[in-house]
Every structure is written in C-alpha cells, then in structure tokens.
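Asks: Would you mind keeping the following structure in view while I ask a few things?
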Amino acid sequence: GRHRYLLEFHLLQEIVVSALPVGAYSGWGVCGTNLNHEIAKQVPLLVSGCPFPHAIQLKGPLIQAMRGPDHIPAVPNLTTSGPMIGYTFFELDEVARRLAGNLSAYSHVLTGSEWCSAALRDVGVRAVTAVQGVDWKVFRPNGQREEDGKFIVFSGGCFQVRKAHDAVIAMMRVFMDRHKDVVLYAAWGNPYGHEWGKQSLMGSPYIDYDGGPLPEMAVKNGLPLDRVAILPLMTNSNTADVY
C-alpha cells in the first residue's frame, strides 16, 4: 500500500511537503523521522518547520500527522490545494466510528497499523497501512548479556494509561515477591503534558498514584526499589543500549 502511494507522488511531479513531527524522544517524532527518510528516497521531499504563525497554502502533496482524538491536522495553518495525506495512530475503534466524518478533509489516509486501517475501513474510510518499521542499523543482535543471576523484565513507553503501565506494576508486584532474582528495567520517560502525561494514571484502579516521582510511586505500590531501575527520558537509539 505505501509503495502505491509513493508511486502516485511520483506521478504528481510535485514536491511533497511533510508536516510530520520529527525528533528522537517520542514515538511520533521517531515515526516522522523514519517515514520522512524513506519517502525522501522515492520523491523530492521538503520537511516543514513547525509551527507556522500564519496560514500557508501549498499546491503540491502535503503529509500531515493527525492529532487525536479528532483526526485534525497537527499543523492546521498549513494547507494545500493539492492532495493532503493524513497519517494516524489510535487505539479505540470508537474513535474511528465517531469521527470518521472528520477524515473527509484528507485525500488519502495512512495509519501506523493494520488494526487502525481495518477499523477505518469498517466505517467506510479508505485507509492504507504504512508501518514505521525498525532501524536495523541501531536495533540488532549484539551478543549475550553476561550471566549475573538476574531475571530482567523490561518495560518501555512513556508512562501513561494507554501503555498499561499500571497493569505492569500490579503484575510485577506479585512476580517480584515470588521470585527474588527478578529485576525491573522501566524506560518510562514521558515528554508530554497533562493530557497524555503521567497524570493520566492517577485514576487507575490497579495502582496508588498521585502524580509524583516514579521512584516514590514504585515504593508505594510494593516494588522493592533496590530491584527497580527507573531509567531517564532517552532517545530512541539509546534504548538499544538498554536492550
């Protein structure tokens, strides 16, 4: 599916502009960086600077990240008279059903998973999957860890309710109590604000959390802090060293 759309970009004979977020500290940033890199191999690509203080209208194809949960363009001041391609992730099929009408602004809709594409197709939206993939130059086998008697469990992703870290904590409390050689490595750095930040876990029925520092949260929820490594916010490539 992705290659078909890239071929369409070629046929348009226009410079493609990408308003996808870029960066190394968030999933959206890594995704945008990788997709821009791959698209640029196929067509002339201009990566836009964000945000724009004034409205700008382009003529050629424009790729926009869709902001959840409304599927609105991430950079609303940047529009085009040509094709606008939306790229989205979401985790509730209710979002697809309730907001399918908002997608009429996009000429094409790309999603980050086949599940998302299927959910949109179920409500009549023509969607194609474009997965962000893996950078094998960074993430590759590099030998075995030296045997140290520890059974390490790794949990990653920004600390928030949609990553189910409260379920991880509840399960690890039992697992670590039963097995004294178990260690938790938690890469839970979160660069986001209140809505998608760690505060989203304050209402969890599985853990006791008041929005404070993660080490205090671990102790309050019965995790032995001498067997928990709460890692700082790190770049995507730095996680390969942890693995």
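Starting from 1 in every chain, residues are counted up; chains themselves are A, B, ... following the order of the structure tokens, and ligands are numbered from 1 as listed.
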Got a sec: who's within 10 Å of Tyr25 (chain A), counting only C-alpha atoms, leaving out chain neighbours fewer than 6 positions off, as a list in words?

Replies: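 Once the adjacent positions are removed, what remains is Cys158, Gly189, Asn190, Pro191, Leu233, Met234, Thr235, Asn236, Ser237 and Asn238 of chain A.
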
Asks: Please identify all polymer residues within 7 Å of Gly82 (chain A), counting only C-alpha atoms, omitting same-chain residues fewer than 3 positions from it, and present them as a compact mmCIF listing (two decimals) with C-alpha atoms, in the first residue's frame.

Replies:
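out-v8.txt, freshly written:
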# COMPACT_ATOMS: atom_id res chain seq x y z
CA LYS A 59 -0.05 23.45 -4.21
CA GLY A 60 1.52 20.03 -4.01
CA PRO A 61 1.01 16.95 -1.85

Asks: Please provide as a PDB file with C-alpha atoms, in the first residue's frame all residues within 7 Å of Leu110 (chain A), with the sequence filter that same-chain residues fewer than 2 positions apart are discarded (counting only C-alpha atoms).

Replies:
ATOM      1  CA  GLY A  86      -3.206  12.144   6.773  1.00  0.00           C
ATOM      2  CA  TYR A  87      -1.215   9.774   8.976  1.00  0.00           C
ATOM      3  CA  THR A  88      -2.707   8.491  12.215  1.00  0.00           C
ATOM      4  CA  HIS A 108      -5.614   9.681   1.446  1.00  0.00           C
ATOM      5  CA  GLY A 112       0.529   3.120  11.602  1.00  0.00           C
ATOM      6  CA  ALA A 127      -7.168   3.613   4.637  1.00  0.00           C
ATOM      7  CA  VAL A 128      -3.796   2.030   3.906  1.00  0.00           C
ATOM      8  CA  THR A 129      -1.198   0.827   6.402  1.00  0.00           C
ATOM      9  CA  ALA A 130       2.288   2.367   6.401  1.00  0.00           C
TER      10      ALA A 130
END

Asks: Ranking A:Ala55, A:Ala118, A:Val30, A:Ile63 by minimum distance to Ile15 (chain A) and counting only C-alpha atoms, which one comes first?

Replies: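 Among the listed residues, A:Ile63 lies closest to Ile15 (chain A).
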
Asks: Would you please work out which residue, of A:Arg227, A:Arg121, A:Lys163, A:Arg126, is nearest to Met176 (chain A) when using only C-alpha atoms?

Replies: A:Arg227

Asks: Can you pull out the residues contacting Leu45 (chain A)? Cut-off 10 Å, using only C-alpha atoms, and skip same-chain residues under 4 positions away; I want them as number ranges by chain.

Replies: A: 14-18, 36-37, 39-41, 61-62

Asks: Output the selection as an mmCIF file, in the first residue's frame - all heavy atoms for each residue.

Replies:
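Dumped to selection_12.cif:
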data_model
loop_
_atom_site.group_PDB
_atom_site.id
_atom_site.type_symbol
_atom_site.label_atom_id
_atom_site.label_comp_id
_atom_site.auth_asym_id
_atom_site.auth_seq_id
_atom_site.Cartn_x
_atom_site.Cartn_y
_atom_site.Cartn_z
ATOM 1 N N GLU A 14 5.273 16.775 -8.215
ATOM 2 C CA GLU A 14 5.293 17.932 -7.322
ATOM 3 C C GLU A 14 6.185 17.583 -6.135
ATOM 4 O O GLU A 14 6.366 16.424 -5.787
ATOM 5 C CB GLU A 14 3.882 18.234 -6.797
ATOM 6 C CG GLU A 14 2.867 18.611 -7.859
ATOM 7 C CD GLU A 14 2.887 20.102 -8.166
ATOM 8 O OE1 GLU A 14 3.768 20.788 -7.639
ATOM 9 O OE2 GLU A 14 2.018 20.540 -8.938
ATOM 10 N N ILE A 15 6.736 18.607 -5.522
ATOM 11 C CA ILE A 15 7.486 18.381 -4.296
ATOM 12 C C ILE A 15 6.516 18.027 -3.180
ATOM 13 O O ILE A 15 5.513 18.704 -2.977
ATOM 14 C CB ILE A 15 8.303 19.625 -3.914
ATOM 15 C CG1 ILE A 15 9.405 19.869 -4.949
ATOM 16 C CG2 ILE A 15 8.906 19.474 -2.515
ATOM 17 C CD1 ILE A 15 10.228 21.096 -4.669
ATOM 18 N N VAL A 16 6.803 16.974 -2.476
ATOM 19 C CA VAL A 16 5.973 16.555 -1.358
ATOM 20 C C VAL A 16 6.448 17.301 -0.108
ATOM 21 O O VAL A 16 7.647 17.361 0.169
ATOM 22 C CB VAL A 16 6.073 15.031 -1.135
ATOM 23 C CG1 VAL A 16 5.214 14.615 0.058
ATOM 24 C CG2 VAL A 16 5.650 14.291 -2.394
ATOM 25 N N VAL A 17 5.506 17.856 0.632
ATOM 26 C CA VAL A 17 5.825 18.543 1.884
ATOM 27 C C VAL A 17 5.338 17.684 3.038
ATOM 28 O O VAL A 17 4.187 17.224 3.047
ATOM 29 C CB VAL A 17 5.176 19.938 1.946
ATOM 30 C CG1 VAL A 17 5.426 20.591 3.306
ATOM 31 C CG2 VAL A 17 5.711 20.814 0.823
ATOM 32 N N SER A 18 6.202 17.470 4.002
ATOM 33 C CA SER A 18 5.846 16.676 5.177
ATOM 34 C C SER A 18 5.749 17.574 6.402
ATOM 35 O O SER A 18 6.684 18.304 6.721
ATOM 36 C CB SER A 18 6.890 15.583 5.434
ATOM 37 O OG SER A 18 6.663 14.977 6.694
ATOM 38 N N ASN A 36 9.861 10.168 6.887
ATOM 39 C CA ASN A 36 10.436 11.197 6.013
ATOM 40 C C ASN A 36 11.667 10.667 5.295
ATOM 41 O O ASN A 36 11.874 10.923 4.097
ATOM 42 C CB ASN A 36 10.805 12.437 6.820
ATOM 43 C CG ASN A 36 9.609 13.253 7.235
ATOM 44 O OD1 ASN A 36 8.531 13.141 6.652
ATOM 45 N ND2 ASN A 36 9.778 14.086 8.251
ATOM 46 N N HIS A 37 12.485 9.929 6.021
ATOM 47 C CA HIS A 37 13.708 9.366 5.433
ATOM 48 C C HIS A 37 13.378 8.426 4.288
ATOM 49 O O HIS A 37 14.018 8.464 3.222
ATOM 50 C CB HIS A 37 14.504 8.642 6.523
ATOM 51 C CG HIS A 37 15.761 8.002 6.024
ATOM 52 N ND1 HIS A 37 16.873 8.731 5.675
ATOM 53 C CD2 HIS A 37 16.083 6.694 5.813
ATOM 54 C CE1 HIS A 37 17.823 7.907 5.272
ATOM 55 N NE2 HIS A 37 17.368 6.666 5.341
ATOM 56 N N ILE A 39 10.456 8.244 2.523
ATOM 57 C CA ILE A 39 9.777 8.934 1.429
ATOM 58 C C ILE A 39 10.776 9.707 0.580
ATOM 59 O O ILE A 39 10.680 9.741 -0.653
ATOM 60 C CB ILE A 39 8.692 9.869 1.983
ATOM 61 C CG1 ILE A 39 7.567 9.053 2.630
ATOM 62 C CG2 ILE A 39 8.115 10.751 0.875
ATOM 63 C CD1 ILE A 39 6.573 9.883 3.410
ATOM 64 N N ALA A 40 11.770 10.306 1.245
ATOM 65 C CA ALA A 40 12.763 11.098 0.521
ATOM 66 C C ALA A 40 13.610 10.246 -0.419
ATOM 67 O O ALA A 40 14.229 10.778 -1.343
ATOM 68 C CB ALA A 40 13.662 11.840 1.510
ATOM 69 N N LYS A 41 13.651 8.944 -0.194
ATOM 70 C CA LYS A 41 14.355 8.053 -1.121
ATOM 71 C C LYS A 41 13.600 7.922 -2.447
ATOM 72 O O LYS A 41 14.182 7.535 -3.464
ATOM 73 C CB LYS A 41 14.519 6.658 -0.507
ATOM 74 C CG LYS A 41 15.442 6.581 0.698
ATOM 75 C CD LYS A 41 15.493 5.152 1.209
ATOM 76 C CE LYS A 41 16.387 5.010 2.427
ATOM 77 N NZ LYS A 41 16.409 3.612 2.938
ATOM 78 N N PRO A 61 1.419 17.887 -2.895
ATOM 79 C CA PRO A 61 1.008 16.945 -1.846
ATOM 80 C C PRO A 61 1.556 17.350 -0.478
ATOM 81 O O PRO A 61 2.704 17.782 -0.351
ATOM 82 C CB PRO A 61 1.624 15.618 -2.308
ATOM 83 C CG PRO A 61 1.846 15.782 -3.776
ATOM 84 C CD PRO A 61 2.182 17.227 -3.973
ATOM 85 N N LEU A 62 0.717 17.201 0.536
ATOM 86 C CA LEU A 62 1.078 17.538 1.907
ATOM 87 C C LEU A 62 0.763 16.345 2.807
ATOM 88 O O LEU A 62 -0.357 15.814 2.765
ATOM 89 C CB LEU A 62 0.290 18.766 2.382
ATOM 90 C CG LEU A 62 0.337 19.100 3.876
ATOM 91 C CD1 LEU A 62 1.758 19.465 4.307
ATOM 92 C CD2 LEU A 62 -0.638 20.233 4.191
#

Asks: Compile the contact shell of Cys116 (chain A) as a tab-separated table (two decimals) with N, CA, C and O atoms, in the first residue's frame: residues with an atom at most 8 Å away, counting only C-alpha atoms, same-chain residues fewer than 6 positions apart removed.

Replies:
chain	number	residue	atom	x	y	z
A	89	PHE	N	-2.43	7.28	14.26
A	89	PHE	CA	-2.49	6.14	15.17
A	89	PHE	C	-3.67	6.39	16.11
A	89	PHE	O	-3.91	7.52	16.50
A	90	PHE	N	-4.39	5.36	16.48
A	90	PHE	CA	-5.37	5.46	17.55
A	90	PHE	C	-5.58	4.06	18.11
A	90	PHE	O	-5.22	3.06	17.48
A	91	GLU	N	-6.14	3.99	19.32
A	91	GLU	CA	-6.25	2.69	19.99
A	91	GLU	C	-7.67	2.31	20.37
A	91	GLU	O	-7.89	1.28	20.98
A	93	ASP	N	-11.53	1.73	18.65
A	93	ASP	CA	-12.31	1.72	17.41
A	93	ASP	C	-13.49	2.69	17.50
A	93	ASP	O	-14.03	3.12	16.48
A	129	THR	N	-2.17	0.93	5.32
A	129	THR	CA	-1.20	0.83	6.40
A	129	THR	C	0.20	1.18	5.91
A	129	THR	O	0.65	0.69	4.88

Asks: Write down as an MDAnalysis selection string the residues belonging to region 30-192 of chain A that are assigned helix (DSSP H, G or I) by DSSP computed on the backbone.

Replies: chainID A and resid 30:40 93:105 114:122 161:163 165:178

Asks: Take the residues from that selection and write them out as a PDB file, in the first residue's frame, keeping C-alpha atoms.

Replies:
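Contents of the output file part_24.pdb:
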ATOM      1  CA  VAL A  30      10.774   8.821  15.647  1.00  0.00           C
ATOM      2  CA  CYS A  31       7.977   7.756  13.318  1.00  0.00           C
ATOM      3  CA  GLY A  32       8.022  11.058  11.444  1.00  0.00           C
ATOM      4  CA  THR A  33      11.802  10.993  11.130  1.00  0.00           C
ATOM      5  CA  ASN A  34      11.838   7.454   9.751  1.00  0.00           C
ATOM      6  CA  LEU A  35       8.942   7.958   7.335  1.00  0.00           C
ATOM      7  CA  ASN A  36      10.436  11.197   6.013  1.00  0.00           C
ATOM      8  CA  HIS A  37      13.708   9.366   5.433  1.00  0.00           C
ATOM      9  CA  GLU A  38      12.017   6.603   3.449  1.00  0.00           C
ATOM     10  CA  ILE A  39       9.777   8.934   1.429  1.00  0.00           C
ATOM     11  CA  ALA A  40      12.763  11.098   0.521  1.00  0.00           C
ATOM     12  CA  ASP A  93     -12.313   1.722  17.410  1.00  0.00           C
ATOM     13  CA  GLU A  94     -14.895   4.094  18.890  1.00  0.00           C
ATOM     14  CA  VAL A  95     -12.685   6.922  17.653  1.00  0.00           C
ATOM     15  CA  ALA A  96     -12.980   5.591  14.105  1.00  0.00           C
ATOM     16  CA  ARG A  97     -16.761   5.298  14.299  1.00  0.00           C
ATOM     17  CA  ARG A  98     -17.426   8.634  15.984  1.00  0.00           C
ATOM     18  CA  LEU A  99     -15.050  10.804  13.979  1.00  0.00           C
ATOM     19  CA  ALA A 100     -14.984   9.219  10.537  1.00  0.00           C
ATOM     20  CA  GLY A 101     -16.581  12.363   9.085  1.00  0.00           C
ATOM     21  CA  ASN A 102     -13.533  14.428  10.014  1.00  0.00           C
ATOM     22  CA  LEU A 103     -11.430  12.382   7.606  1.00  0.00           C
ATOM     23  CA  SER A 104     -13.152  13.816   4.531  1.00  0.00           C
ATOM     24  CA  ALA A 105     -10.550  16.606   4.544  1.00  0.00           C
ATOM     25  CA  GLU A 114      -3.265  -2.756  10.116  1.00  0.00           C
ATOM     26  CA  TRP A 115      -5.665  -2.698  13.099  1.00  0.00           C
ATOM     27  CA  CYS A 116      -6.163   1.054  12.637  1.00  0.00           C
ATOM     28  CA  SER A 117      -6.668   0.636   8.883  1.00  0.00           C
ATOM     29  CA  ALA A 118      -9.242  -2.130   9.411  1.00  0.00           C
ATOM     30  CA  ALA A 119     -11.152  -0.015  11.956  1.00  0.00           C
ATOM     31  CA  LEU A 120     -11.375   2.862   9.480  1.00  0.00           C
ATOM     32  CA  ARG A 121     -12.329   0.626   6.575  1.00  0.00           C
ATOM     33  CA  ASP A 122     -15.162  -0.780   8.705  1.00  0.00           C
ATOM     34  CA  VAL A 161      -2.572   4.915  30.979  1.00  0.00           C
ATOM     35  CA  ARG A 162      -2.773   3.824  27.351  1.00  0.00           C
ATOM     36  CA  LYS A 163       0.533   1.948  27.677  1.00  0.00           C
ATOM     37  CA  HIS A 165       1.964   0.570  32.917  1.00  0.00           C
ATOM     38  CA  ASP A 166      -0.412   0.306  35.860  1.00  0.00           C
ATOM     39  CA  ALA A 167      -1.066  -3.313  34.866  1.00  0.00           C
ATOM     40  CA  VAL A 168       2.701  -3.890  34.578  1.00  0.00           C
ATOM     41  CA  ILE A 169       3.236  -2.538  38.106  1.00  0.00           C
ATOM     42  CA  ALA A 170       0.420  -4.641  39.560  1.00  0.00           C
ATOM     43  CA  MET A 171       1.773  -7.795  37.934  1.00  0.00           C
ATOM     44  CA  MET A 172       5.396  -7.075  38.791  1.00  0.00           C
ATOM     45  CA  ARG A 173       4.485  -6.583  42.466  1.00  0.00           C
ATOM     46  CA  VAL A 174       3.348 -10.230  42.579  1.00  0.00           C
ATOM     47  CA  PHE A 175       6.079 -11.571  40.285  1.00  0.00           C
ATOM     48  CA  MET A 176       8.919  -9.877  42.186  1.00  0.00           C
ATOM     49  CA  ASP A 177       7.531 -11.038  45.525  1.00  0.00           C
ATOM     50  CA  ARG A 178       7.556 -14.643  44.321  1.00  0.00           C
TER      51      ARG A 178
END

Asks: Of the candidates A:Leu92, A:Met202, A:Met84, A:Ile230, which shows the shortest atom-to-atom distance to Pro215 (chain A), using only C-alpha atoms?

Replies: A:Ile230

Asks: Using DSSP secondary structure from the backbone, list all strand (DSSP E or B) positions within region 61-158 of chain A, as a list of chain:residue names.

Replies: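 DSSP on the backbone gives strand (DSSP E or B) at A:Leu62, A:Ile63, A:Gln64, A:Ala65, A:Met66, A:Arg67, A:Ile72, A:Pro73, A:Leu78, A:Thr79, A:Thr80, A:Met84, A:Ile85, A:Gly86, A:Tyr87, A:Thr88, A:His108, A:Val109, A:Leu110, A:Thr111, A:Ala127, A:Val128, A:Thr129, A:Phe151, A:Ile152, A:Val153, A:Phe154, A:Ser155, A:Gly156.
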
Asks: Looking at A:Ile85, A:Leu225, A:Leu46, A:Ala218, which one is nearest to Gln64 (chain A), with distances taken over only C-alpha atoms?

Replies: A:Ile85

Asks: What is the CA of Ser113 (chain A) to CA of Gly68 (chain A) distance in Å?

Replies: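 Distance between the two atoms: 15.3 Å.
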
Asks: Measuring atom to atom with only C-alpha atoms, identify which of A:Asp181, A:Val123, A:Gly29, A:Ala164 is nearest to Gly149 (chain A).

Replies: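 For Gly149 (chain A), the nearest of the candidates is A:Asp181.
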
Asks: Separation of CA of Asp241 (chain A) and CA of Tyr185 (chain A), in Å?

Replies: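 Going from CA of Asp241 (chain A) over to CA of Tyr185 (chain A) covers 12.4 Å.
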